[in-house]
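Contents: one structure, followed by commentary.
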Amino acid sequence: MSDLLSIATIVLAGIVQASLQLSLGGLVLLYHSSMGQHKRRKTRYLAKSYIWGACTISFVCVCAIAFLIQQLLGVAVSQEWMLISIGALIACSLVMWLGYFRDGNGTELWLPKCLSRYITRRAKHTNDNIEAFSLGMLSAFAELPITVAIYFIVANCLLNARFPLLAALLYILIVATPMIVLKFSIKAGKNVVAAQKWRIRNKRFASLFSGSSFVVLALFVVAFWVL
Amino acid sequence: MKKTRITYEYSHDAIKDSVFRHAKALRLPEGWGEQLAERIAKATDAWIEDKDIVTEDDLQNFICKELEEVSPDIAFAYRNHDKII
């Protein structure tokens, strides 16, 4: 039961994180700038490196938090810590509903302008795989104020799972799914404008889905980990 | 709050390069992209000729309007490329 519960929580947390838009937006941006400058093969490698970078930082953050919990608090965290993370999840859901996307025609996010300009500028000047990898890391890291509560929940589940490494890999695979789907749809012949138009058309739904999934995760954790 | 105004020298090649990159990003044939970029850059040259100073927004609006007639997708990309994140 404990294993099943951990996996279910990890899958749900993965879906919540996958619904966030910064890493996906960064990849769209990278595709757009790179396809305008480089050959398709190079763009493919850059996109792959970007996805690896975003996944690596998520993996490292989850493992680091799990390690800290184990070192500082023992094997499982107390209910008080779980309640704090649930509070953070609810706060994140409000952020998602009320202010995740900026008003306007684009898909600009809540990020400070200087940071979004920096990511945009870096995407335009990304020429090799290491730069793309670090851009992926940066985009995942920039979303840390929102994802840290999810990481905390996942880290706690990893400590309770029988195969923590496999569970962490499953989590990362779910997180990377939107980026992988984008990569394959572009490989299949769709262009970046079609992807971006789709994102703009559905941005309200994305915001609603994301906010609601934070609440669902919070309720799930309350029901199965706290009560 | 004091706003600083940065001015740039207009460049035909920069406009051409920028339009060409957007066309290439949409997987349009390179030859067609080059022709289109040259055409837009020439139209921009003619538009800007009698003006001492234009804002970046005016320039972007003009280019988008020109692109809209030829390829709405490139116009969309040109207008929105800095509004993705």
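Residue names in the structure tokens use chain letters A, B, ... in the order shown, residue numbers from 1 in each chain, and ligand numbers from 1 in the order shown.
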Could you give me, as number ranges by chain, the residues within 6 Å of segment 144-160 of chain A, counting only C-alpha atoms and dropping anything in the same chain fewer than 5 positions from it? A: 6, 10, 62, 66, 85
Emit the selected residues as a PDB file, in the first residue's frame, including C-alpha atoms.
```
ATOM      1  CA  SER A   6       4.093   6.824  -3.041  1.00  0.00           C
ATOM      2  CA  ILE A  10       4.738  10.944  -7.487  1.00  0.00           C
ATOM      3  CA  VAL A  62      14.379  16.220  -5.697  1.00  0.00           C
ATOM      4  CA  ALA A  66      15.307  13.895  -0.090  1.00  0.00           C
ATOM      5  CA  SER A  85       4.074  22.079   2.058  1.00  0.00           C
TER       6      SER A  85
END
```
Alpha helix (DSSP H) call set, DSSP backbone run, chain B, as a ChimeraX atom specification: /B:12-25,30-48,56-70,72-80
Pick out the residues sitting within 8 Å of Ala77 of chain B, and hand them over as a list in words; count only C-alpha atoms, and ignore anything fewer than 4 positions along from it in its own chain. Val193 of chain A; His22, Asp73 and His81 of chain B
Just-selected residues, N, CA and C atoms written as a short mmCIF file (atom, residue, chain, number, x, y, z; two decimals), in the first residue's frame:
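Below is the file that was written, result21.cif:
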```cif
data_model
loop_
_atom_site.label_atom_id
_atom_site.label_comp_id
_atom_site.auth_asym_id
_atom_site.auth_seq_id
_atom_site.Cartn_x
_atom_site.Cartn_y
_atom_site.Cartn_z
N VAL A 193 5.35 28.21 -34.79
CA VAL A 193 4.23 29.15 -34.71
C VAL A 193 2.94 28.40 -34.37
N HIS B 22 13.27 34.53 -39.24
CA HIS B 22 11.91 34.11 -38.90
C HIS B 22 11.32 33.20 -39.98
N ASP B 73 1.87 33.79 -40.87
CA ASP B 73 2.64 33.05 -39.86
C ASP B 73 3.95 33.76 -39.51
N HIS B 81 7.70 36.96 -31.03
CA HIS B 81 8.84 36.16 -30.62
C HIS B 81 9.39 36.55 -29.25
#
```
Would you kindly report the residues of chain B within 10 Å of chain A, using only C-alpha atoms, as number ranges by chain? B: 17-27, 73-74, 76-77, 79-85
Hey, which of B:Gly31, B:Ala43, B:Leu67, B:Ile53 ends up closest to Tyr10 of chain B? Count only C-alpha atoms. B:Ile53
